[in-house]
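Trainee: I'm passing along target-v9.cif; it holds mmCIF, C-alpha atoms and all ligand atoms.
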```cif
data_work
loop_
_atom_site.group_PDB
_atom_site.id
_atom_site.type_symbol
_atom_site.label_atom_id
_atom_site.label_comp_id
_atom_site.auth_asym_id
_atom_site.auth_seq_id
_atom_site.Cartn_x
_atom_site.Cartn_y
_atom_site.Cartn_z
ATOM 1 C CA MET M 1 115.654 6.399 73.429
ATOM 2 C CA LYS M 2 119.409 6.390 72.851
ATOM 3 C CA GLU M 3 118.989 5.426 69.182
ATOM 4 C CA THR M 4 116.259 8.016 68.641
ATOM 5 C CA LEU M 5 118.491 10.754 70.069
ATOM 6 C CA ALA M 6 121.462 9.591 67.986
ATOM 7 C CA LEU M 7 119.356 9.791 64.820
ATOM 8 C CA ILE M 8 118.030 13.220 65.791
ATOM 9 C CA ALA M 9 121.583 14.409 66.510
ATOM 10 C CA GLN M 10 122.763 13.180 63.127
ATOM 11 C CA ALA M 11 119.902 14.732 61.174
ATOM 12 C CA SER M 12 119.864 18.072 62.961
ATOM 13 C CA SER M 13 123.628 18.659 63.134
ATOM 14 C CA ILE M 14 123.660 18.891 59.329
ATOM 15 C CA GLN M 15 121.419 21.977 59.589
ATOM 16 C CA ALA M 16 124.260 23.947 61.192
ATOM 17 C CA SER M 17 125.571 24.936 57.759
ATOM 18 C CA LYS M 18 122.512 27.205 57.370
ATOM 19 C CA GLY M 19 123.604 29.434 60.260
ATOM 20 C CA SER M 20 126.631 31.497 61.182
ATOM 21 C CA VAL M 21 128.671 31.726 64.345
ATOM 22 C CA ALA M 22 128.284 34.963 66.383
ATOM 23 C CA THR M 23 131.058 37.426 65.601
ATOM 24 C CA TYR M 24 130.071 40.563 67.540
ATOM 25 C CA ILE M 25 131.967 39.152 70.526
ATOM 26 C CA PRO M 26 135.312 38.321 68.824
ATOM 27 C CA GLU M 27 136.127 35.344 71.040
ATOM 28 C CA LEU M 28 132.826 33.658 70.079
ATOM 29 C CA ALA M 29 133.809 33.837 66.405
ATOM 30 C CA LYS M 30 136.465 31.203 67.133
ATOM 31 C CA ALA M 31 133.875 28.527 68.026
ATOM 32 C CA ASP M 32 133.974 25.299 66.007
ATOM 33 C CA PRO M 33 130.932 25.531 63.668
ATOM 34 C CA GLU M 34 130.808 21.743 63.361
ATOM 35 C CA ALA M 35 130.642 20.983 67.066
ATOM 36 C CA PHE M 36 127.333 19.447 68.091
ATOM 37 C CA GLY M 37 126.278 17.988 71.425
ATOM 38 C CA LEU M 38 122.905 16.766 72.673
ATOM 39 C CA ALA M 39 122.123 15.613 76.209
ATOM 40 C CA VAL M 40 118.962 14.639 78.050
ATOM 41 C CA THR M 41 118.607 14.350 81.825
ATOM 42 C CA GLU M 42 115.368 12.829 83.035
ATOM 43 C CA CYS M 43 113.724 13.643 86.354
ATOM 44 C CA ASP M 44 114.808 10.239 87.748
ATOM 45 C CA GLY M 45 118.433 11.131 86.948
ATOM 46 C CA THR M 46 118.803 8.944 83.836
ATOM 47 C CA GLN M 47 121.024 10.600 81.231
ATOM 48 C CA TYR M 48 121.466 10.155 77.497
ATOM 49 C CA LEU M 49 124.379 11.762 75.677
ATOM 50 C CA SER M 50 124.788 12.084 71.930
ATOM 51 C CA GLY M 51 127.382 13.819 69.757
ATOM 52 C CA ASN M 52 130.127 15.807 71.456
ATOM 53 C CA CYS M 53 129.003 16.409 75.039
ATOM 54 C CA GLU M 54 132.548 17.382 76.070
ATOM 55 C CA PHE M 55 132.469 20.446 73.825
ATOM 56 C CA ARG M 56 132.617 23.530 76.045
ATOM 57 C CA PHE M 57 130.861 26.793 75.311
ATOM 58 C CA THR M 58 129.696 29.831 77.239
ATOM 59 C CA LEU M 59 126.160 30.128 78.551
ATOM 60 C CA GLN M 60 125.651 33.666 77.210
ATOM 61 C CA SER M 61 121.939 34.482 77.487
ATOM 62 C CA ILE M 62 121.148 31.138 79.115
ATOM 63 C CA SER M 63 122.874 32.589 82.195
ATOM 64 C CA LYS M 64 119.970 35.026 82.477
ATOM 65 C CA VAL M 65 117.725 32.288 83.898
ATOM 66 C CA VAL M 66 120.331 31.386 86.521
ATOM 67 C CA THR M 67 120.487 34.971 87.776
ATOM 68 C CA LEU M 68 116.731 35.335 87.506
ATOM 69 C CA ALA M 69 116.243 32.239 89.680
ATOM 70 C CA LEU M 70 118.703 33.660 92.220
ATOM 71 C CA ALA M 71 117.009 37.077 92.277
ATOM 72 C CA LEU M 72 113.572 35.465 92.678
ATOM 73 C CA GLU M 73 114.850 33.415 95.611
ATOM 74 C CA GLU M 74 116.618 36.333 97.287
ATOM 75 C CA ARG M 75 114.373 39.275 96.511
ATOM 76 C CA GLY M 76 110.977 37.687 95.796
ATOM 77 C CA LYS M 77 108.689 37.831 92.786
ATOM 78 C CA ASP M 78 107.144 41.231 93.514
ATOM 79 C CA ASN M 79 110.474 43.042 93.790
ATOM 80 C CA VAL M 80 111.794 41.414 90.616
ATOM 81 C CA PHE M 81 108.703 42.116 88.543
ATOM 82 C CA SER M 82 108.390 45.690 89.636
ATOM 83 C CA ALA M 83 111.913 46.346 88.309
ATOM 84 C CA VAL M 84 111.464 44.413 85.020
ATOM 85 C CA GLY M 85 108.309 43.448 83.133
ATOM 86 C CA ASN M 86 107.222 39.951 82.168
ATOM 87 C CA SER M 87 105.986 40.430 78.630
ATOM 88 C CA PRO M 88 107.570 39.238 75.393
ATOM 89 C CA THR M 89 109.068 41.599 72.854
ATOM 90 C CA ALA M 90 109.287 41.391 69.099
ATOM 91 C CA ASP M 91 112.606 43.249 69.145
ATOM 92 C CA PRO M 92 116.130 41.784 69.101
ATOM 93 C CA PHE M 93 117.684 40.821 72.449
ATOM 94 C CA ASN M 94 119.939 43.867 72.636
ATOM 95 C CA SER M 95 117.445 46.444 71.370
ATOM 96 C CA ILE M 96 117.516 49.930 72.867
ATOM 97 C CA MET M 97 114.487 51.400 71.104
ATOM 98 C CA ARG M 98 111.626 50.306 73.403
ATOM 99 C CA LEU M 99 113.348 51.480 76.541
ATOM 100 C CA GLU M 100 112.880 55.060 75.482
ATOM 101 C CA MET M 101 109.551 54.690 73.714
ATOM 102 C CA ASP M 102 107.584 52.944 76.443
ATOM 103 C CA ALA M 103 106.763 54.429 79.821
ATOM 104 C CA PRO M 104 107.654 53.444 82.473
ATOM 105 C CA HIS M 105 111.155 53.049 80.986
ATOM 106 C CA ARG M 106 111.534 49.560 82.275
ATOM 107 C CA PRO M 107 112.868 46.506 80.384
ATOM 108 C CA HIS M 108 110.061 44.369 78.986
ATOM 109 C CA ASN M 109 111.324 41.146 80.520
ATOM 110 C CA PRO M 110 114.313 39.663 82.376
ATOM 111 C CA LEU M 111 115.620 37.674 79.386
ATOM 112 C CA ILE M 112 116.511 40.538 77.064
ATOM 113 C CA ASN M 113 119.859 42.180 77.793
ATOM 114 C CA SER M 114 118.426 45.327 79.415
ATOM 115 C CA GLY M 115 116.236 43.223 81.713
ATOM 116 C CA ALA M 116 119.054 40.858 82.632
ATOM 117 C CA ILE M 117 121.295 43.805 83.552
ATOM 118 C CA VAL M 118 118.564 45.138 85.864
ATOM 119 C CA VAL M 119 118.174 41.661 87.434
ATOM 120 C CA VAL M 120 121.904 41.665 88.303
ATOM 121 C CA SER M 121 121.424 45.011 90.054
ATOM 122 C CA LEU M 122 118.730 43.482 92.298
ATOM 123 C CA LEU M 123 121.052 40.892 93.842
ATOM 124 C CA PRO M 124 121.645 41.791 97.494
ATOM 125 C CA GLU M 125 125.303 40.641 97.640
ATOM 126 C CA GLU M 126 127.979 43.321 98.080
ATOM 127 C CA GLY M 127 130.145 44.362 95.136
ATOM 128 C CA ARG M 128 131.024 42.565 91.917
ATOM 129 C CA GLU M 129 132.835 39.680 93.621
ATOM 130 C CA GLY M 130 129.938 38.983 95.994
ATOM 131 C CA LYS M 131 127.394 38.980 93.190
ATOM 132 C CA ILE M 132 129.338 36.780 90.748
ATOM 133 C CA GLU M 133 130.189 34.272 93.472
ATOM 134 C CA ALA M 134 126.469 33.979 94.338
ATOM 135 C CA ILE M 135 125.618 33.468 90.649
ATOM 136 C CA LEU M 136 128.377 30.850 90.254
ATOM 137 C CA ASP M 137 127.156 29.013 93.366
ATOM 138 C CA MET M 138 123.619 29.002 91.993
ATOM 139 C CA ALA M 139 124.852 27.785 88.575
ATOM 140 C CA ARG M 140 126.888 25.002 90.212
ATOM 141 C CA ASP M 141 123.920 23.872 92.293
ATOM 142 C CA LEU M 142 121.461 23.997 89.392
ATOM 143 C CA MET M 143 123.848 22.022 87.129
ATOM 144 C CA ALA M 144 125.323 19.649 89.735
ATOM 145 C CA ASN M 145 128.805 20.730 88.696
ATOM 146 C CA GLY M 146 131.061 22.369 91.271
ATOM 147 C CA ASP M 147 133.675 23.123 88.593
ATOM 148 C CA ILE M 148 131.689 25.679 86.613
ATOM 149 C CA LYS M 149 133.859 28.749 86.024
ATOM 150 C CA VAL M 150 133.993 31.926 83.998
ATOM 151 C CA ASN M 151 135.909 31.657 80.716
ATOM 152 C CA ASP M 152 138.261 34.569 81.117
ATOM 153 C CA ARG M 153 138.998 35.078 77.418
ATOM 154 C CA VAL M 154 135.317 35.298 76.519
ATOM 155 C CA TYR M 155 134.664 37.602 79.474
ATOM 156 C CA ARG M 156 137.431 40.001 78.410
ATOM 157 C CA SER M 157 136.357 39.863 74.789
ATOM 158 C CA GLU M 158 132.789 40.708 75.732
ATOM 159 C CA LYS M 159 133.872 43.460 78.082
ATOM 160 C CA ASN M 160 136.091 45.020 75.405
ATOM 161 C CA THR M 161 133.266 45.122 72.873
ATOM 162 C CA SER M 162 130.414 46.097 75.143
ATOM 163 C CA ASP M 163 129.243 49.430 73.743
ATOM 164 C CA ARG M 164 125.738 48.158 73.228
ATOM 165 C CA ASN M 165 125.233 46.750 76.727
ATOM 166 C CA ARG M 166 126.870 49.851 78.219
ATOM 167 C CA SER M 167 124.423 52.022 76.300
ATOM 168 C CA LEU M 168 121.510 50.019 77.691
ATOM 169 C CA ALA M 169 122.816 50.279 81.249
ATOM 170 C CA TYR M 170 123.611 53.997 81.146
ATOM 171 C CA PHE M 171 120.259 54.784 79.540
ATOM 172 C CA LEU M 172 118.469 52.785 82.250
ATOM 173 C CA ARG M 173 120.356 54.691 84.907
ATOM 174 C CA SER M 174 119.482 58.033 83.327
ATOM 175 C CA VAL M 175 115.759 57.270 83.666
ATOM 176 C CA GLY M 176 116.084 55.903 87.190
ATOM 177 C CA SER M 177 115.474 52.246 86.246
ATOM 178 C CA LEU M 178 118.932 50.990 87.215
ATOM 179 C CA LYS M 179 120.499 51.706 90.570
ATOM 180 C CA GLY M 180 123.857 50.782 92.062
ATOM 181 C CA ASP M 181 127.438 50.801 90.762
ATOM 182 C CA ILE M 182 126.961 50.532 87.020
ATOM 183 C CA GLU M 183 130.485 49.251 86.276
ATOM 184 C CA ASP M 184 130.101 46.512 88.894
ATOM 185 C CA ILE M 185 126.725 45.522 87.456
ATOM 186 C CA LEU M 186 128.044 45.351 83.879
ATOM 187 C CA ASP M 187 131.119 43.429 84.968
ATOM 188 C CA VAL M 188 128.953 40.808 86.695
ATOM 189 C CA TYR M 189 126.717 40.584 83.624
ATOM 190 C CA PHE M 190 129.703 39.970 81.310
ATOM 191 C CA ARG M 191 131.080 37.333 83.653
ATOM 192 C CA GLN M 192 127.758 35.507 84.061
ATOM 193 C CA CYS M 193 127.421 35.331 80.260
ATOM 194 C CA SER M 194 130.932 33.825 80.120
ATOM 195 C CA MET M 195 130.269 30.874 82.445
ATOM 196 C CA GLU M 196 131.466 27.797 80.574
ATOM 197 C CA VAL M 197 129.468 24.552 80.349
ATOM 198 C CA ASN M 198 128.862 21.511 78.137
ATOM 199 C CA ALA M 199 125.617 20.010 76.798
ATOM 200 C CA LYS M 200 125.312 17.681 79.800
ATOM 201 C CA ASP M 201 125.470 20.600 82.257
ATOM 202 C CA LEU M 202 122.786 22.326 80.226
ATOM 203 C CA SER M 203 120.506 19.275 80.322
ATOM 204 C CA ILE M 204 120.806 19.160 84.132
ATOM 205 C CA LEU M 205 119.941 22.858 84.300
ATOM 206 C CA GLY M 206 116.809 22.145 82.259
ATOM 207 C CA ALA M 207 116.011 19.115 84.399
ATOM 208 C CA THR M 208 116.252 21.059 87.668
ATOM 209 C CA PHE M 209 113.740 23.580 86.322
ATOM 210 C CA ALA M 210 111.615 20.695 84.975
ATOM 211 C CA CYS M 211 111.616 18.957 88.367
ATOM 212 C CA ASP M 212 110.302 22.040 90.185
ATOM 213 C CA GLY M 213 113.712 23.052 91.513
ATOM 214 C CA LEU M 214 114.898 19.613 92.678
ATOM 215 C CA ASN M 215 118.208 18.716 91.044
ATOM 216 C CA PRO M 216 117.733 15.073 89.944
ATOM 217 C CA ILE M 217 121.472 14.348 90.088
ATOM 218 C CA THR M 218 122.219 15.645 93.599
ATOM 219 C CA GLY M 219 118.718 15.324 95.063
ATOM 220 C CA LYS M 220 119.025 18.876 96.395
ATOM 221 C CA GLN M 221 116.070 21.276 96.326
ATOM 222 C CA VAL M 222 118.009 24.177 94.823
ATOM 223 C CA ILE M 223 115.171 26.649 94.315
ATOM 224 C CA SER M 224 111.526 26.680 95.322
ATOM 225 C CA PRO M 225 108.896 25.073 93.063
ATOM 226 C CA GLN M 226 107.396 28.547 92.618
ATOM 227 C CA THR M 227 110.703 29.994 91.324
ATOM 228 C CA ALA M 228 111.100 27.037 88.940
ATOM 229 C CA ARG M 229 107.581 27.588 87.603
ATOM 230 C CA ILE M 230 108.106 31.328 87.111
ATOM 231 C CA VAL M 231 111.362 30.691 85.243
ATOM 232 C CA ARG M 232 109.632 28.131 82.992
ATOM 233 C CA ALA M 233 106.809 30.571 82.319
ATOM 234 C CA ILE M 234 109.200 33.367 81.349
ATOM 235 C CA MET M 235 111.203 30.960 79.170
ATOM 236 C CA THR M 236 107.988 29.992 77.396
ATOM 237 C CA THR M 237 107.114 33.570 76.484
ATOM 238 C CA CYS M 238 110.574 35.172 76.171
ATOM 239 C CA GLY M 239 113.290 32.470 76.123
ATOM 240 C CA MET M 240 114.038 32.457 72.410
ATOM 241 C CA TYR M 241 114.124 36.253 72.018
ATOM 242 C CA ASP M 242 111.913 37.469 69.175
ATOM 243 C CA GLY M 243 111.677 33.835 68.014
ATOM 244 C CA SER M 244 109.724 32.841 71.144
ATOM 245 C CA GLY M 245 106.292 32.808 69.494
ATOM 246 C CA GLU M 246 107.456 30.710 66.565
ATOM 247 C CA PHE M 247 109.258 28.320 68.911
ATOM 248 C CA ALA M 248 106.144 27.951 71.098
ATOM 249 C CA VAL M 249 104.110 27.024 68.026
ATOM 250 C CA ASN M 250 106.679 24.718 66.416
ATOM 251 C CA VAL M 251 108.255 23.086 69.468
ATOM 252 C CA GLY M 252 106.038 23.915 72.461
ATOM 253 C CA ILE M 253 108.589 23.497 75.279
ATOM 254 C CA PRO M 254 109.926 26.172 77.679
ATOM 255 C CA ALA M 255 113.509 26.896 76.552
ATOM 256 C CA LYS M 256 116.337 29.428 76.659
ATOM 257 C CA SER M 257 118.997 30.039 74.048
ATOM 258 C CA GLY M 258 122.356 31.837 74.044
ATOM 259 C CA VAL M 259 124.631 33.218 71.334
ATOM 260 C CA GLY M 260 127.293 30.667 72.300
ATOM 261 C CA GLY M 261 125.053 28.193 70.426
ATOM 262 C CA GLY M 262 123.470 26.485 73.420
ATOM 263 C CA ILE M 263 119.766 25.897 74.009
ATOM 264 C CA MET M 264 118.415 24.567 77.299
ATOM 265 C CA ALA M 265 114.879 23.160 77.336
ATOM 266 C CA SER M 266 112.757 22.056 80.247
ATOM 267 C CA VAL M 267 109.902 19.567 79.878
ATOM 268 C CA PRO M 268 107.926 19.924 83.149
ATOM 269 C CA GLY M 269 107.942 16.760 85.270
ATOM 270 C CA ARG M 270 109.917 14.831 82.663
ATOM 271 C CA MET M 271 113.335 16.005 81.527
ATOM 272 C CA GLY M 272 115.847 18.676 80.709
ATOM 273 C CA ILE M 273 117.477 18.902 77.288
ATOM 274 C CA GLY M 274 120.808 20.556 76.488
ATOM 275 C CA VAL M 275 121.871 21.053 72.909
ATOM 276 C CA VAL M 276 124.781 22.992 71.427
ATOM 277 C CA SER M 277 125.791 23.938 67.908
ATOM 278 C CA PRO M 278 127.411 27.377 67.457
ATOM 279 C CA PRO M 279 125.980 28.536 64.082
ATOM 280 C CA LEU M 280 123.003 30.843 64.727
ATOM 281 C CA ASP M 281 120.020 32.148 62.804
ATOM 282 C CA GLN M 282 119.252 35.881 62.389
ATOM 283 C CA ARG M 283 117.696 36.062 65.834
ATOM 284 C CA GLY M 284 120.666 34.513 67.623
ATOM 285 C CA ASN M 285 119.259 31.004 68.096
ATOM 286 C CA SER M 286 121.264 27.876 67.206
ATOM 287 C CA VAL M 287 119.958 26.537 63.883
ATOM 288 C CA ALA M 288 120.811 22.905 64.542
ATOM 289 C CA GLY M 289 119.666 23.273 68.149
ATOM 290 C CA LEU M 290 116.243 24.433 66.980
ATOM 291 C CA ALA M 291 116.046 21.490 64.573
ATOM 292 C CA ALA M 292 116.992 19.016 67.318
ATOM 293 C CA LEU M 293 114.384 20.385 69.717
ATOM 294 C CA ALA M 294 111.652 20.325 67.075
ATOM 295 C CA ALA M 295 112.457 16.666 66.364
ATOM 296 C CA ILE M 296 112.613 15.743 70.060
ATOM 297 C CA SER M 297 109.314 17.485 70.724
ATOM 298 C CA GLU M 298 107.634 15.510 67.978
ATOM 299 C CA GLN M 299 109.295 12.118 68.294
ATOM 300 C CA LEU M 300 109.379 11.929 72.100
ATOM 301 C CA HIS M 301 105.998 13.636 72.509
ATOM 302 C CA CYS M 302 107.446 16.405 74.642
ATOM 303 C CA ARG M 303 105.169 19.254 73.605
ATOM 304 C CA VAL M 304 103.607 20.858 76.642
ATOM 305 C CA LEU M 305 102.081 23.972 75.094
HETATM 306 N N1 LIG P 401 126.567 38.190 76.225
HETATM 307 C C1 LIG P 401 125.629 38.398 75.167
HETATM 308 C C2 LIG P 401 125.301 39.864 75.032
HETATM 309 O O1 LIG P 401 125.115 40.511 76.020
HETATM 310 C C3 LIG P 401 124.407 37.602 75.466
HETATM 311 C C4 LIG P 401 123.374 37.738 74.406
HETATM 312 C C5 LIG P 401 122.763 36.455 73.971
HETATM 313 O O2 LIG P 401 123.182 35.336 74.246
HETATM 314 N N2 LIG P 401 121.728 36.654 73.205
HETATM 315 O O3 LIG P 401 125.256 40.409 73.973
#
```
Written as structure tokens, that's how I'd like the structure from this file.
Mentor:
Amino acid sequence: MKETLALIAQASSIQASKGSVATYIPELAKADPEAFGLAVTECDGTQYLSGNCEFRFTLQSISKVVTLALALEERGKDNVFSAVGNSPTADPFNSIMRLEMDAPHRPHNPLINSGAIVVVSLLPEEGREGKIEAILDMARDLMANGDIKVNDRVYRSEKNTSDRNRSLAYFLRSVGSLKGDIEDILDVYFRQCSMEVNAKDLSILGATFACDGLNPITGKQVISPQTARIVRAIMTTCGMYDGSGEFAVNVGIPAKSGVGGGIMASVPGRMGIGVVSPPLDQRGNSVAGLAALAAISEQLHCRVL
């Protein structure tokens, strides 16, 4: 297993040169394009690390599954899925267009930016501090890492260049689809995206979802099996943005990507996989990460779809 992963890491990391690091959040543009880390955590707690698993990056869109899990636990499935849909979209993750075109004016799913912003608004905790602390606690429990924090530089960079996400939020409020203090909600969203992790953390996140909510490192049942299954289902249909269909065909594993270059994958009943390589394709998915997951799916027979 260790040798197979090392070979996969070597072969896929070379693919990074075909992508480019995200620049629309200036702080992300500083990421090392050559960094590559690959980690696997199995449901019995066994871990395999390859490449640079100390390399730290921000969760970005991967944070959306953490907040979704929290909202499902605290507010229940029906409340969550009456505020956001559960269907995939062929549009980019920060698209505004559909929100106005489709009625009701509700985000298509919780993993595009508009949907994730609405999910933040559903959290019952008071104010921005209450909400972000609850998200951080959930992230720490899911990843068995009490040290997970917000990277302040990335958070400020994202907040200072947030016209697009602000537009989404203010439009949603104008049509009655987003309620609450909009500046608090956006602030929490920027901070959740800026939570900093490494590939090992990401593999534990995937493993906790894979093991029906039981964290295999701490032995704690963090979320219910039903929440874990819903999150895996939404990752399957929407986790790779408008690349979700292609990923389902080519790789066939529930997964979630982020523009920090991370991808978290969850093989039900077996393992979580965390991979990071900052250069992205046109859709915002890590090029080398996609290559690694395709190879793992094939060589370790991980396809579940
Ligand atoms: N923080 C990013 C944004 O809102 C997250 C997007 C992503 O990872 N696709 O633009």
Trainee: Specify as a VMD selection string each residue included when the PyMOL selection byres (((chain M and resi 228) around 9) and not hetatm) is applied to this file.
Mentor: chain M and resid 69 208 to 213 223 to 227 229 to 233
Trainee: List as a short mmCIF file (atom, residue, chain, number, x, y, z; two decimals) with C-alpha atoms, in the coordinates of the input the protein and nucleic acid residues near M:Val197, meaning an atom at most 6 Å away when only C-alpha atoms are counted, but skip any in the same chain fewer than 3 places from it.
Mentor:
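Wrote it out as around-v2.cif, contents follow:
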```cif
data_model
loop_
_atom_site.label_atom_id
_atom_site.label_comp_id
_atom_site.auth_asym_id
_atom_site.auth_seq_id
_atom_site.Cartn_x
_atom_site.Cartn_y
_atom_site.Cartn_z
CA ARG M 56 132.62 23.53 76.04
CA PHE M 57 130.86 26.79 75.31
CA ASP M 201 125.47 20.60 82.26
#
```
Trainee: With all atoms listed in the file as the counted atoms, please give the residues lying no more than 6 Å from stretch 270-277 of chain M, apart from itself and same-chain residues fewer than 3 positions off, as a tab-separated table (two decimals) with C-alpha atoms, in the coordinates of the input.
Mentor:
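Produced file around-v1.tsv, reproduced below:
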```
chain	number	residue	atom	x	y	z
M	35	ALA	CA	130.64	20.98	67.07
M	36	PHE	CA	127.33	19.45	68.09
M	37	GLY	CA	126.28	17.99	71.42
M	38	LEU	CA	122.90	16.77	72.67
M	39	ALA	CA	122.12	15.61	76.21
M	40	VAL	CA	118.96	14.64	78.05
M	41	THR	CA	118.61	14.35	81.82
M	42	GLU	CA	115.37	12.83	83.04
M	43	CYS	CA	113.72	13.64	86.35
M	199	ALA	CA	125.62	20.01	76.80
M	202	LEU	CA	122.79	22.33	80.23
M	203	SER	CA	120.51	19.27	80.32
M	206	GLY	CA	116.81	22.14	82.26
M	207	ALA	CA	116.01	19.11	84.40
M	261	GLY	CA	125.05	28.19	70.43
M	262	GLY	CA	123.47	26.48	73.42
M	263	ILE	CA	119.77	25.90	74.01
M	264	MET	CA	118.42	24.57	77.30
M	265	ALA	CA	114.88	23.16	77.34
M	266	SER	CA	112.76	22.06	80.25
M	267	VAL	CA	109.90	19.57	79.88
M	289	GLY	CA	119.67	23.27	68.15
```
Trainee: Tell me, in Å to one decimal, how far atom CA of M:Val259 is from atom C2 of ligand LIG 401 (chain P).
Mentor: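 A separation of 7.6 Å between them.
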Trainee: Suppose you want the space between atom CA of M:Ala139 and atom CA of M:Leu178; what is it in Å?
Mentor: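 Separation of atom CA of M:Ala139 and atom CA of M:Leu178: 24.0 Å.
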Trainee: Report as a VMD selection string which protein, DNA and RNA residues come within 6 Å of ligand LIG 401 (chain P), using all atoms listed in the file.
Mentor: chain M and resid 60 to 61 93 113 193 258 to 259
Trainee: Output the selection as a PDB file, in the frame of the given file - C-alpha atoms for each residue.
Mentor:
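Just written: result_9.pdb:
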```
ATOM      1  CA  GLN M  60     125.651  33.666  77.210  1.00  0.00           C
ATOM      2  CA  SER M  61     121.939  34.482  77.487  1.00  0.00           C
ATOM      3  CA  PHE M  93     117.684  40.821  72.449  1.00  0.00           C
ATOM      4  CA  ASN M 113     119.859  42.180  77.793  1.00  0.00           C
ATOM      5  CA  CYS M 193     127.421  35.331  80.260  1.00  0.00           C
ATOM      6  CA  GLY M 258     122.356  31.837  74.044  1.00  0.00           C
ATOM      7  CA  VAL M 259     124.631  33.218  71.334  1.00  0.00           C
TER       8      VAL M 259
END
```
Trainee: Which one is closest to M:Leu111: M:Thr218, M:Ser244, M:Gln282, M:Thr23? Count all atoms listed in the file.
Mentor: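 Closest to M:Leu111 of all the choices is M:Ser244.
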Trainee: Which residue, M:Gly245, M:Val154, M:Asp147, M:Ile185, has the smallest gap to M:Lys30 when you use all atoms listed in the file?
Mentor: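 Of M:Gly245, M:Val154, M:Asp147, M:Ile185, the one nearest M:Lys30 is M:Val154, counting all atoms listed in the file.
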Trainee: Run the PyMOL selection byres (((chain M and resi 50) around 8) and not hetatm) on the file and write out the hits as a PyMOL selection string.
Mentor: chain M and resi 2+5-6+9+37-39+48-49+51-53
Trainee: Show me, as an mmCIF file with C-alpha atoms, in the coordinates of the input, the residues that have an atom within 9 Å of M:Val66 when counting all atoms listed in the file, minus same-chain residues fewer than 5 positions from it.
Mentor:
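After the write, around_37.cif holds the following:
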```
data_model
loop_
_atom_site.group_PDB
_atom_site.id
_atom_site.type_symbol
_atom_site.label_atom_id
_atom_site.label_comp_id
_atom_site.auth_asym_id
_atom_site.auth_seq_id
_atom_site.Cartn_x
_atom_site.Cartn_y
_atom_site.Cartn_z
ATOM 1 C CA ALA M 71 117.009 37.077 92.277
ATOM 2 C CA ILE M 135 125.618 33.468 90.649
ATOM 3 C CA LEU M 136 128.377 30.850 90.254
ATOM 4 C CA MET M 138 123.619 29.002 91.993
ATOM 5 C CA ALA M 139 124.852 27.785 88.575
ATOM 6 C CA LEU M 142 121.461 23.997 89.392
ATOM 7 C CA GLN M 192 127.758 35.507 84.061
ATOM 8 C CA LEU M 205 119.941 22.858 84.300
#
```
Trainee: Using all atoms listed in the file, find the one residue out of M:Leu72, M:Leu305, M:Ala288, M:Ile296 that sits nearest to M:Ser17.
Mentor: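 Checking each of M:Leu72, M:Leu305, M:Ala288, M:Ile296 against M:Ser17, counting all atoms listed in the file, the winner is M:Ala288.
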Trainee: Could you tell me, as JSON, numbers by chain, exactly which residues end up selected when the PyMOL selection byres (((chain M and resi 99) around 12) and not hetatm) is applied to this structure?
Mentor: {"M": [84, 85, 89, 91, 94, 95, 96, 97, 98, 100, 101, 102, 103, 104, 105, 106, 107, 108, 109, 112, 113, 114, 115, 167, 168, 169, 170, 171, 172, 173, 174, 175, 176, 177]}
